[in-house]
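The structure file run.csv is reproduced below (CSV, C-alpha atoms and all ligand atoms).
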chain,number,residue,atom,x,y,z
A,30,MET,CA,-62.5,11.6,-122.1
A,31,ASP,CA,-60.5,14.4,-123.8
A,32,SER,CA,-61.2,14.2,-127.5
A,33,ARG,CA,-57.6,14.8,-128.3
A,34,VAL,CA,-56.5,11.4,-127.1
A,35,VAL,CA,-59.0,9.5,-129.3
A,36,ARG,CA,-57.5,10.5,-132.6
A,37,PRO,CA,-56.4,7.6,-134.7
A,38,PHE,CA,-52.8,6.6,-134.1
A,39,PRO,CA,-50.4,7.4,-136.9
A,40,THR,CA,-49.7,4.3,-139.1
A,41,PRO,CA,-46.5,2.5,-138.1
A,42,SER,CA,-44.8,3.5,-141.3
A,43,ALA,CA,-45.4,7.3,-140.7
A,44,ARG,CA,-42.2,9.2,-139.9
A,45,GLN,CA,-42.2,11.5,-136.9
A,46,GLY,CA,-42.5,14.7,-138.9
A,47,GLU,CA,-45.3,13.4,-141.1
A,48,ALA,CA,-47.4,11.9,-138.4
A,49,PRO,CA,-50.4,14.0,-137.4
A,50,SER,CA,-49.6,15.7,-134.1
A,51,LEU,CA,-51.6,14.4,-131.2
A,52,GLY,CA,-51.9,18.1,-130.1
A,53,LEU,CA,-51.0,17.2,-126.5
A,54,THR,CA,-50.8,20.1,-124.0
A,55,ARG,CA,-48.7,18.1,-121.6
A,56,ARG,CA,-45.9,16.0,-122.9
A,57,MET,CA,-44.3,14.3,-119.8
A,58,ARG,CA,-41.3,13.3,-121.9
A,59,ARG,CA,-40.1,16.9,-122.4
A,60,ASN,CA,-38.6,17.0,-118.9
A,61,ARG,CA,-36.8,13.7,-119.7
A,62,LYS,CA,-35.1,14.8,-122.9
A,63,ALA,CA,-31.6,15.4,-121.5
A,64,GLU,CA,-29.5,14.5,-118.5
A,65,TRP,CA,-29.4,18.1,-117.3
A,66,SER,CA,-33.2,18.2,-117.3
A,67,ARG,CA,-33.6,14.8,-115.6
A,68,ARG,CA,-31.2,16.0,-112.9
A,69,LEU,CA,-33.2,19.2,-112.5
A,70,VAL,CA,-36.6,17.5,-111.9
A,71,ARG,CA,-35.4,14.5,-109.9
A,72,GLU,CA,-37.4,14.2,-106.7
A,73,THR,CA,-35.2,11.9,-104.6
A,74,ARG,CA,-31.5,11.2,-104.5
A,75,LEU,CA,-29.4,8.6,-102.8
A,76,THR,CA,-26.4,10.0,-101.0
A,77,THR,CA,-23.6,8.5,-99.0
A,78,ASP,CA,-25.2,10.0,-95.9
A,79,ASP,CA,-28.1,7.4,-96.3
A,80,LEU,CA,-25.9,4.4,-95.9
A,81,ILE,CA,-25.3,2.0,-93.0
A,82,TRP,CA,-22.9,-0.8,-93.8
A,83,PRO,CA,-23.5,-4.3,-92.2
A,84,ILE,CA,-20.3,-6.2,-91.8
A,85,PHE,CA,-19.5,-9.7,-90.6
A,86,LEU,CA,-16.9,-10.4,-87.9
A,87,MET,CA,-14.9,-13.5,-87.2
A,88,ASP,CA,-12.2,-14.5,-84.7
A,89,SER,CA,-9.4,-15.6,-87.0
A,90,SER,CA,-5.8,-15.0,-87.9
A,91,GLU,CA,-7.0,-14.8,-91.5
A,92,ALA,CA,-8.1,-11.3,-92.5
A,93,ARG,CA,-11.1,-12.5,-94.6
A,94,SER,CA,-13.2,-15.5,-95.4
A,95,PRO,CA,-15.8,-15.4,-98.1
A,96,VAL,CA,-19.5,-15.8,-97.4
A,97,ASP,CA,-20.5,-18.4,-100.0
A,98,TRP,CA,-24.2,-17.3,-100.2
A,99,MET,CA,-23.3,-13.6,-100.6
A,100,PRO,CA,-20.7,-13.3,-103.4
A,101,GLY,CA,-18.5,-10.3,-102.8
A,102,VAL,CA,-19.1,-10.2,-99.1
A,103,ASP,CA,-16.4,-11.6,-96.7
A,104,ARG,CA,-16.3,-12.1,-92.9
A,105,LEU,CA,-13.6,-9.9,-91.5
A,106,ASN,CA,-11.2,-10.5,-88.5
A,107,ILE,CA,-10.9,-7.6,-86.1
A,108,ASP,CA,-7.9,-6.0,-87.7
A,109,GLU,CA,-9.5,-6.1,-91.1
A,110,ALA,CA,-12.8,-4.8,-89.6
A,111,VAL,CA,-10.8,-1.8,-88.3
A,112,ARG,CA,-9.2,-1.3,-91.7
A,113,GLN,CA,-12.6,-1.4,-93.4
A,114,SER,CA,-14.1,1.0,-90.9
A,115,VAL,CA,-11.3,3.4,-91.7
A,116,HIS,CA,-12.1,3.0,-95.4
A,117,ALA,CA,-15.8,3.4,-94.8
A,118,ALA,CA,-15.2,6.6,-92.8
A,119,SER,CA,-13.0,8.0,-95.5
A,120,LEU,CA,-15.8,7.4,-98.0
A,121,GLY,CA,-18.2,9.3,-95.8
A,122,ILE,CA,-20.3,6.3,-94.7
A,123,PRO,CA,-21.9,7.5,-91.5
A,124,ALA,CA,-22.2,4.1,-89.7
A,125,ILE,CA,-21.4,0.4,-89.7
A,126,ALA,CA,-23.4,-2.5,-88.3
A,127,PRO,CA,-21.2,-5.4,-87.2
A,128,PHE,CA,-22.6,-9.0,-86.8
A,129,PRO,CA,-20.5,-11.8,-85.4
A,130,PHE,CA,-19.8,-15.3,-86.6
A,131,VAL,CA,-19.4,-17.1,-83.3
A,132,GLU,CA,-17.4,-20.3,-82.9
A,133,LYS,CA,-19.7,-23.3,-82.5
A,134,SER,CA,-18.0,-24.2,-79.2
A,135,LEU,CA,-19.1,-20.9,-77.7
A,136,ARG,CA,-22.8,-21.3,-78.5
A,137,ASP,CA,-25.1,-22.6,-75.8
A,138,PRO,CA,-28.8,-22.7,-75.0
A,139,THR,CA,-28.8,-19.3,-73.2
A,140,GLY,CA,-26.4,-17.5,-75.5
A,141,SER,CA,-24.1,-16.8,-72.6
A,142,GLU,CA,-21.2,-15.7,-74.8
A,143,ALA,CA,-23.3,-12.6,-75.7
A,144,LEU,CA,-22.7,-11.3,-72.2
A,145,ASN,CA,-19.0,-11.8,-72.2
A,146,ALA,CA,-17.4,-8.3,-72.2
A,147,ARG,CA,-14.4,-9.8,-74.1
A,148,ASN,CA,-16.4,-11.4,-76.8
A,149,LEU,CA,-15.8,-10.9,-80.5
A,150,MET,CA,-18.3,-8.0,-80.9
A,151,CYS,CA,-17.1,-6.1,-77.8
A,152,ARG,CA,-13.4,-6.5,-78.8
A,153,ALA,CA,-14.2,-5.3,-82.3
A,154,VAL,CA,-16.3,-2.3,-81.1
A,155,ARG,CA,-13.4,-1.2,-78.8
A,156,ALA,CA,-10.8,-1.6,-81.5
A,157,ILE,CA,-12.9,0.3,-84.1
A,158,LYS,CA,-13.8,3.1,-81.7
A,159,ALA,CA,-10.2,3.5,-80.7
A,160,GLU,CA,-9.1,3.8,-84.4
A,161,VAL,CA,-12.1,5.5,-86.0
A,162,PRO,CA,-14.1,7.3,-83.3
A,163,GLN,CA,-16.0,9.3,-85.9
A,164,ILE,CA,-17.9,6.4,-87.5
A,165,GLY,CA,-21.1,5.3,-85.8
A,166,ILE,CA,-21.4,1.7,-84.7
A,167,VAL,CA,-24.8,0.1,-84.7
A,168,CYS,CA,-24.8,-3.1,-82.7
A,169,ASP,CA,-27.5,-5.8,-83.0
A,170,ALA,CA,-29.1,-7.0,-79.8
A,171,ALA,CA,-30.3,-10.6,-80.3
A,172,LEU,CA,-29.0,-14.0,-79.2
A,173,ASP,CA,-29.1,-16.0,-82.4
A,174,PRO,CA,-25.4,-15.8,-83.2
A,175,TYR,CA,-24.7,-17.2,-79.6
A,176,THR,CA,-27.4,-19.8,-79.1
A,177,SER,CA,-27.0,-23.5,-79.9
A,178,HIS,CA,-30.6,-23.5,-81.2
A,179,GLY,CA,-30.2,-20.4,-83.4
A,180,HIS,CA,-33.1,-18.5,-81.9
A,181,ASP,CA,-33.0,-14.8,-80.9
A,182,GLY,CA,-34.0,-15.6,-77.3
A,183,VAL,CA,-33.9,-18.4,-74.8
A,184,MET,CA,-36.2,-21.5,-75.0
A,185,GLU,CA,-38.3,-23.7,-72.8
A,186,GLY,CA,-39.1,-26.8,-74.8
A,187,GLU,CA,-40.3,-25.5,-78.2
A,188,ARG,CA,-41.2,-22.1,-77.0
A,189,VAL,CA,-39.0,-18.9,-77.3
A,190,LEU,CA,-39.6,-17.2,-73.9
A,191,ASN,CA,-40.3,-13.4,-74.1
A,192,ASP,CA,-39.5,-11.9,-70.7
A,193,ALA,CA,-36.7,-14.3,-69.9
A,194,SER,CA,-35.1,-13.4,-73.2
A,195,VAL,CA,-35.5,-9.7,-72.6
A,196,ALA,CA,-33.6,-9.9,-69.3
A,197,ILE,CA,-30.6,-11.4,-71.2
A,198,LEU,CA,-30.9,-8.9,-74.1
A,199,VAL,CA,-30.7,-6.1,-71.6
A,200,GLN,CA,-27.4,-7.5,-70.3
A,201,GLN,CA,-26.1,-7.9,-73.9
A,202,ALA,CA,-27.0,-4.3,-74.7
A,203,LEU,CA,-25.2,-3.1,-71.6
A,204,ALA,CA,-22.0,-5.1,-72.6
A,205,LEU,CA,-22.1,-3.5,-76.1
A,206,ALA,CA,-22.7,0.0,-74.7
A,207,ASP,CA,-19.8,-0.4,-72.3
A,208,ALA,CA,-17.6,-1.5,-75.2
A,209,GLY,CA,-18.5,1.7,-77.0
A,210,ALA,CA,-21.6,1.0,-79.2
A,211,ASP,CA,-23.2,4.2,-80.4
A,212,VAL,CA,-26.5,2.6,-81.2
A,213,ILE,CA,-28.2,-0.5,-79.9
A,214,ALA,CA,-30.4,-2.2,-82.5
A,215,PRO,CA,-32.6,-4.9,-81.0
A,216,SER,CA,-33.5,-7.3,-83.9
A,217,ASP,CA,-35.0,-10.0,-81.7
A,218,MET,CA,-38.7,-9.0,-81.8
A,219,MET,CA,-39.4,-9.8,-78.2
A,220,ASP,CA,-42.2,-7.6,-76.7
A,221,GLY,CA,-41.0,-4.9,-74.4
A,222,ARG,CA,-37.3,-5.1,-75.0
A,223,VAL,CA,-36.9,-1.5,-76.2
A,224,GLY,CA,-38.3,-0.1,-72.9
A,225,ALA,CA,-36.2,-2.5,-70.9
A,226,ILE,CA,-33.0,-1.7,-72.8
A,227,ARG,CA,-33.7,2.0,-72.6
A,228,ALA,CA,-34.2,1.9,-68.8
A,229,ALA,CA,-31.0,-0.1,-68.3
A,230,LEU,CA,-28.9,2.1,-70.5
A,231,ASP,CA,-30.2,5.2,-68.7
A,232,ALA,CA,-29.5,3.6,-65.3
A,233,SER,CA,-25.9,2.9,-66.2
A,234,GLY,CA,-24.8,6.2,-67.6
A,235,HIS,CA,-25.5,5.4,-71.2
A,236,GLU,CA,-28.2,8.1,-71.8
A,237,ASP,CA,-26.6,9.1,-75.1
A,238,VAL,CA,-26.6,5.6,-76.6
A,239,GLN,CA,-29.4,5.5,-79.2
A,240,ILE,CA,-31.8,2.7,-79.9
A,241,MET,CA,-32.7,1.8,-83.5
A,242,ALA,CA,-35.5,-0.7,-83.1
A,243,TYR,CA,-36.0,-3.4,-85.7
A,244,ALA,CA,-39.6,-2.5,-85.1
A,245,ALA,CA,-41.3,-4.2,-88.0
A,246,LYS,CA,-39.3,-7.3,-88.7
A,247,TYR,CA,-40.9,-10.0,-90.7
A,248,ALA,CA,-40.4,-13.8,-90.6
A,249,SER,CA,-38.8,-13.7,-94.0
A,250,ALA,CA,-37.1,-16.2,-96.4
A,251,PHE,CA,-34.9,-13.4,-97.5
A,252,TYR,CA,-32.6,-13.8,-94.5
A,253,GLY,CA,-31.2,-17.1,-95.8
A,254,PRO,CA,-27.7,-15.9,-96.9
A,255,PHE,CA,-27.2,-14.0,-93.6
A,256,ARG,CA,-27.7,-17.2,-91.7
A,257,ASP,CA,-24.9,-18.7,-93.8
A,258,ALA,CA,-22.7,-15.7,-93.0
A,259,ILE,CA,-23.1,-16.0,-89.2
A,260,GLY,CA,-23.5,-19.8,-89.2
A,261,THR,CA,-27.1,-20.0,-87.9
A,262,ASN,CA,-28.2,-21.9,-91.0
A,263,ALA,CA,-26.6,-24.9,-89.3
A,264,THR,CA,-28.0,-24.2,-85.8
A,265,LEU,CA,-31.5,-22.9,-86.3
A,266,ILE,CA,-34.2,-25.3,-85.2
A,267,GLY,CA,-37.6,-24.6,-86.7
A,268,ASP,CA,-38.5,-21.0,-87.7
A,269,LYS,CA,-39.0,-17.6,-86.1
A,270,ARG,CA,-42.7,-17.1,-86.8
A,271,THR,CA,-43.7,-16.9,-83.2
A,272,TYR,CA,-41.8,-13.7,-82.8
A,273,GLN,CA,-41.2,-12.2,-86.2
A,274,MET,CA,-44.1,-10.7,-88.1
A,275,ASP,CA,-46.4,-12.4,-90.6
A,276,PRO,CA,-45.6,-11.2,-94.1
A,277,GLY,CA,-49.3,-10.6,-94.7
A,278,ASN,CA,-49.6,-7.9,-92.1
A,279,SER,CA,-49.5,-4.1,-92.4
A,280,ASP,CA,-51.6,-2.6,-89.6
A,281,GLU,CA,-49.6,-4.7,-87.2
A,282,ALA,CA,-46.5,-2.9,-88.3
A,283,ILE,CA,-48.0,0.4,-87.3
A,284,ALA,CA,-48.8,-1.1,-83.8
A,285,GLU,CA,-45.2,-2.5,-83.5
A,286,VAL,CA,-43.7,0.9,-84.4
A,287,ALA,CA,-46.0,2.8,-82.0
A,288,LEU,CA,-44.9,0.5,-79.1
A,289,ASP,CA,-41.2,0.9,-79.8
A,290,LEU,CA,-41.5,4.6,-80.1
A,291,ASP,CA,-43.4,4.8,-76.8
A,292,GLU,CA,-40.8,2.6,-75.2
A,293,GLY,CA,-38.0,5.1,-76.3
A,294,ALA,CA,-36.8,4.1,-79.7
A,295,ASP,CA,-34.9,6.9,-81.4
A,296,MET,CA,-35.1,5.4,-84.8
A,297,VAL,CA,-37.2,2.6,-86.3
A,298,MET,CA,-36.4,0.0,-89.0
A,299,ILE,CA,-38.4,-2.1,-91.4
A,300,LYS,CA,-37.0,-5.4,-92.5
A,301,PRO,CA,-36.7,-6.8,-95.2
A,302,GLY,CA,-36.6,-3.9,-97.5
A,303,LEU,CA,-37.7,-4.0,-101.1
A,304,PRO,CA,-40.6,-6.5,-100.7
A,305,TYR,CA,-41.8,-4.2,-97.8
A,306,LEU,CA,-41.6,-0.7,-99.3
A,307,ASP,CA,-45.3,-0.3,-98.7
A,308,ILE,CA,-44.6,-0.7,-94.9
A,309,VAL,CA,-41.7,1.8,-95.1
A,310,ALA,CA,-44.0,4.4,-96.8
A,311,ARG,CA,-46.8,3.8,-94.4
A,312,VAL,CA,-44.6,4.0,-91.3
A,313,LYS,CA,-42.9,7.2,-92.5
A,314,ASP,CA,-46.2,8.8,-93.4
A,315,HIS,CA,-47.8,7.9,-90.1
A,316,PHE,CA,-45.1,8.7,-87.6
A,317,ARG,CA,-42.7,11.1,-89.3
A,318,VAL,CA,-39.7,9.8,-87.3
A,319,PRO,CA,-36.3,8.6,-88.5
A,320,THR,CA,-37.2,5.5,-90.5
A,321,PHE,CA,-34.7,3.0,-91.8
A,322,ALA,CA,-34.9,-0.1,-94.0
A,323,TYR,CA,-32.7,-3.1,-94.2
A,324,GLN,CA,-31.9,-4.3,-97.7
A,325,VAL,CA,-31.3,-7.8,-96.4
A,326,SER,CA,-28.9,-10.6,-97.4
A,327,GLY,CA,-31.4,-12.3,-99.8
A,328,GLU,CA,-32.1,-9.0,-101.6
A,329,TYR,CA,-28.3,-8.5,-102.0
A,330,ALA,CA,-27.9,-12.1,-103.2
A,331,MET,CA,-30.6,-11.9,-105.8
A,332,ILE,CA,-29.1,-8.8,-107.4
A,333,VAL,CA,-25.5,-10.1,-107.3
A,334,ALA,CA,-26.5,-13.6,-108.5
A,335,ALA,CA,-28.5,-12.2,-111.5
A,336,ALA,CA,-25.7,-9.8,-112.3
A,337,ARG,CA,-23.1,-12.5,-112.2
A,338,ASN,CA,-25.2,-14.5,-114.7
A,339,GLY,CA,-25.3,-11.5,-116.9
A,340,TRP,CA,-29.0,-11.2,-116.5
A,341,LEU,CA,-29.1,-7.7,-115.2
A,342,ASP,CA,-26.8,-4.7,-114.8
A,343,GLY,CA,-25.8,-5.1,-111.2
A,344,ASP,CA,-24.6,-1.6,-110.7
A,345,ARG,CA,-27.8,-0.1,-112.0
A,346,ALA,CA,-30.0,-2.5,-110.1
A,347,MET,CA,-28.0,-1.6,-106.9
A,348,MET,CA,-28.5,2.1,-107.4
A,349,GLU,CA,-32.2,1.8,-108.5
A,350,SER,CA,-33.1,-0.4,-105.6
A,351,LEU,CA,-31.5,1.9,-103.0
A,352,THR,CA,-33.1,5.0,-104.6
A,353,ALA,CA,-36.5,3.2,-104.3
A,354,PHE,CA,-36.0,3.1,-100.5
A,355,LYS,CA,-35.5,6.8,-100.4
A,356,ARG,CA,-38.5,7.4,-102.7
A,357,ALA,CA,-40.6,5.3,-100.3
A,358,GLY,CA,-39.6,7.6,-97.4
A,359,ALA,CA,-36.6,5.9,-95.8
A,360,ASP,CA,-34.1,8.2,-94.2
A,361,GLY,CA,-31.4,5.6,-94.7
A,362,VAL,CA,-30.7,2.0,-95.6
A,363,LEU,CA,-28.7,-0.8,-94.2
A,364,THR,CA,-27.0,-2.3,-97.3
A,365,TYR,CA,-24.2,-4.7,-98.0
A,366,PHE,CA,-23.6,-2.5,-101.1
A,367,ALA,CA,-22.7,0.5,-99.0
A,368,PRO,CA,-19.0,0.8,-99.9
A,369,GLN,CA,-19.7,0.2,-103.6
A,370,VAL,CA,-22.4,2.8,-103.6
A,371,ALA,CA,-20.2,5.3,-101.8
A,372,GLU,CA,-17.4,4.8,-104.3
A,373,LYS,CA,-19.8,5.2,-107.1
A,374,LEU,CA,-21.3,8.4,-105.7
A,375,LYS,CA,-17.8,9.8,-105.0
A,376,ALA,CA,-16.7,9.0,-108.6
A,377,ALA,CA,-19.8,10.8,-109.9
A,378,GLY,CA,-18.8,13.9,-107.8
A,401,LIG,N1,-31.3,-11.3,-85.1
A,401,LIG,C1,-31.1,-11.9,-86.3
A,401,LIG,C2,-30.9,-11.1,-87.5
A,401,LIG,N2,-30.4,-9.9,-87.5
A,401,LIG,C3,-30.3,-9.5,-88.9
A,401,LIG,C4,-30.8,-10.5,-89.7
A,401,LIG,C5,-30.9,-10.6,-91.2
A,401,LIG,C6,-30.1,-9.7,-92.0
A,401,LIG,C7,-30.0,-10.1,-93.4
A,401,LIG,O1,-30.6,-11.1,-93.9
A,401,LIG,O2,-29.2,-9.4,-94.1
A,401,LIG,C8,-31.2,-11.5,-88.8
A,401,LIG,C9,-31.7,-12.8,-89.3
A,401,LIG,C10,-32.8,-13.5,-88.7
A,401,LIG,O3,-33.7,-12.9,-88.0
A,401,LIG,O4,-32.8,-14.7,-88.7
A,402,MG,MG,-42.2,-5.2,-81.0

As structure tokens, what does this structure read like?
Ligand SMILES: NCc1[nH]cc(CCC(=O)O)c1CC(=O)O
Ligand SMILES: [Mg+2]
Amino acid sequence: MDSRVVRPFPTPSARQGEAPSLGLTRRMRRNRKAEWSRRLVRETRLTTDDLIWPIFLMDSSEARSPVDWMPGVDRLNIDEAVRQSVHAASLGIPAIAPFPFVEKSLRDPTGSEALNARNLMCRAVRAIKAEVPQIGIVCDAALDPYTSHGHDGVMEGERVLNDASVAILVQQALALADAGADVIAPSDMMDGRVGAIRAALDASGHEDVQIMAYAAKYASAFYGPFRDAIGTNATLIGDKRTYQMDPGNSDEAIAEVALDLDEGADMVMIKPGLPYLDIVARVKDHFRVPTFAYQVSGEYAMIVAAARNGWLDGDRAMMESLTAFKRAGADGVLTYFAPQVAEKLKAAG
């Protein structure tokens, strides 16, 4: 050990000037002494270009209805979703990711409403594209908003079927692409769906539609508030552990990402976000491809709930958590905070 660091500590009563100097060569605090210097040495920054904004859609004459488990987040009707997309584009947010709250009467065992070219998602995508063509629209491919059992695929008894589900997801993806989706984001975790969707998109003139694969999606408790937002907390039977990943696994995430890239994914995603930053870092280091993370509903709810109790500074926790995604290697983040962050970054200049 360096002898300089074993000197006796100055007594607590000693004032700074009177204390014997530790004689340090390197003082890490020097670069932190003022804001200009902290700015100069900062390694990562969050920008508006890093944001994808997930929004919730509903079929309603009301413009908005609050999501109880996500304070500050509302479901939007199509007109309001268009207005909010205009707002997001004006703030410079590159893309939105709509999710539908589907009427209970439209949910059935096979999620057939997902294939309806006039369903809520398809109508919203068309309306947004017509009004704000410059904003990217990332559309989820999964059946859970549409199935009476709340699973992302179709079932036989207790089992969620893989290949039969993929056949339907492909049709759903085509309906979304026909409506004008820029990116298809399969969140279902069936095996082989990226390749099947890619082939079908290519065969139908949608070569330019990108795929953002929810490649490493874990069976997580942090999706709770999302299931309130789209009404699957009431429908879901059992859990999703036979298709979403086990939270204990890391090598398996590498295998999942490798498969999705081989099958044609343009971008990959890790989900949830903050509890899985090790996976984000590992995937980015390993593959060097566009890598995204989803700061999911439960992460949003934790920050907002604590902030509303006065237990933490919500704005700072929001910025810090999102900067952490960038530091871990994410190229961008899906976050319910997107418009707040964009406003804040704009105000800061
Ligand atoms: N295909 C379902 C889906 N797509 C996005 C989320 C969660 C997003 C969030 O919690 O914010 C989920 C939930 C789930 O798998 O049950
Ligand atoms: Mg997979």

| message | Taking all atoms listed in the file and a cut-off of 7 Å, can you tell me which residues surround ligand MG 402 (chain A), written as number ranges by chain? | response | A: 218-221, 244, 285, 288-289

Prev. selection, C-alpha atoms, output as a compact mmCIF listing (two decimals), in the frame of the given file:
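Result file is out_10.txt:
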# COMPACT_ATOMS: atom_id res chain seq x y z
CA MET A 218 -38.70 -9.00 -81.80
CA MET A 219 -39.40 -9.80 -78.20
CA ASP A 220 -42.20 -7.60 -76.70
CA GLY A 221 -41.00 -4.90 -74.40
CA ALA A 244 -39.60 -2.50 -85.10
CA GLU A 285 -45.20 -2.50 -83.50
CA LEU A 288 -44.90 0.50 -79.10
CA ASP A 289 -41.20 0.90 -79.80

| task | List all protein, DNA and RNA residues that have an atom no more than 7 Å from any atom of ligand LIG 401 (chain A), counting all atoms listed in the file, and report them as a list of chain:residue names. | result |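 Residues satisfying the distance criterion: A:Asp169, A:Ala171, A:Leu172, A:Asp173, A:Asp181, A:Ser216, A:Asp217, A:Phe251, A:Tyr252, A:Gly253, A:Pro254, A:Phe255, A:Arg256, A:Gln324, A:Val325, A:Ser326, A:Gly327.
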
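Distance-wise, CA of Arg270 in chain A and CA of His180 in chain A end up 10.9 Å apart.
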
| said: I'd like the neighbourhood of Arg61 in chain A as a PyMOL selection string, where a residue qualifies if any of its atoms comes within 12 Å (using all atoms listed in the file), though same-chain residues fewer than 6 positions away should be ignored. | reply: chain A and resi 67-71

| Using all atoms listed in the file, which residue out of A:Gly165, A:Gly293, A:Gly182, A:Pro276 lies closest to Val223 in chain A? |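 Closest residue, counting all atoms listed in the file: A:Gly293.
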
| field | Exercise: Pro304 in chain A partners within 12 Å, all atoms listed in the file, chain neighbours under 2 positions left out, as number ranges by chain | value | A: 247, 249-251, 276-277, 299-302, 306-309, 322-325, 327-328, 350, 353-354, 357

Find the spatial neighbours of Ile107 in chain A, counting all atoms listed in the file, within a cut-off of 10 Å - ignore same-chain residues fewer than 3 positions away - and output them as a PDB file with C-alpha atoms, keeping the file's coordinate frame.
ATOM      1  CA  PHE A  85     -19.500  -9.700 -90.600  1.00  0.00           C
ATOM      2  CA  LEU A  86     -16.900 -10.400 -87.900  1.00  0.00           C
ATOM      3  CA  MET A  87     -14.900 -13.500 -87.200  1.00  0.00           C
ATOM      4  CA  ASP A  88     -12.200 -14.500 -84.700  1.00  0.00           C
ATOM      5  CA  SER A  89      -9.400 -15.600 -87.000  1.00  0.00           C
ATOM      6  CA  SER A  90      -5.800 -15.000 -87.900  1.00  0.00           C
ATOM      7  CA  GLU A  91      -7.000 -14.800 -91.500  1.00  0.00           C
ATOM      8  CA  ALA A  92      -8.100 -11.300 -92.500  1.00  0.00           C
ATOM      9  CA  ARG A  93     -11.100 -12.500 -94.600  1.00  0.00           C
ATOM     10  CA  ARG A 104     -16.300 -12.100 -92.900  1.00  0.00           C
ATOM     11  CA  ALA A 110     -12.800  -4.800 -89.600  1.00  0.00           C
ATOM     12  CA  VAL A 111     -10.800  -1.800 -88.300  1.00  0.00           C
ATOM     13  CA  ARG A 112      -9.200  -1.300 -91.700  1.00  0.00           C
ATOM     14  CA  GLN A 113     -12.600  -1.400 -93.400  1.00  0.00           C
ATOM     15  CA  LEU A 149     -15.800 -10.900 -80.500  1.00  0.00           C
ATOM     16  CA  MET A 150     -18.300  -8.000 -80.900  1.00  0.00           C
ATOM     17  CA  ARG A 152     -13.400  -6.500 -78.800  1.00  0.00           C
ATOM     18  CA  ALA A 153     -14.200  -5.300 -82.300  1.00  0.00           C
ATOM     19  CA  VAL A 154     -16.300  -2.300 -81.100  1.00  0.00           C
ATOM     20  CA  ALA A 156     -10.800  -1.600 -81.500  1.00  0.00           C
ATOM     21  CA  ILE A 157     -12.900   0.300 -84.100  1.00  0.00           C
TER      22      ILE A 157
END

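Candidate residues A:Ala359, A:Val189, A:Ala294, A:Val318 were compared for distance to Arg227 in chain A, and the nearest is A:Ala294, using all atoms listed in the file.
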
| Taking into account all atoms listed in the file, which residue in the set A:Met241, A:Ala143, A:Ile332, A:Ala287 is nearest to Ala126 in chain A? |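 Checking each of A:Met241, A:Ala143, A:Ile332, A:Ala287 against Ala126 in chain A, counting all atoms listed in the file, the winner is A:Met241.
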
| request: Could you give me, as a PyMOL selection string, the residues within 7 Å of Ala210 in chain A, counting all atoms listed in the file and dropping anything in the same chain fewer than 4 positions from it? | output: chain A and resi 154+166-168+205-206

How about saving the chosen residues, C-alpha atoms kept, as a compact mmCIF listing (two decimals), in the coordinates of the input?
# COMPACT_ATOMS: atom_id res chain seq x y z
CA VAL A 154 -16.30 -2.30 -81.10
CA ILE A 166 -21.40 1.70 -84.70
CA VAL A 167 -24.80 0.10 -84.70
CA CYS A 168 -24.80 -3.10 -82.70
CA LEU A 205 -22.10 -3.50 -76.10
CA ALA A 206 -22.70 0.00 -74.70

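Remark: for Leu198 in chain A, the closest of the candidate residues A:Thr364, A:Ser177, A:Thr139, A:Ser114 is A:Thr139 (distances computed over only C-alpha atoms).
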
| request: Kindly give the distance, in Å, that separates CA of Ala258 in chain A and CA of Leu75 in chain A, rounded to a single decimal. | output: 27.0 Å

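What separates CA of Ala330 in chain A from CA of Val96 in chain A is a distance of 10.9 Å.
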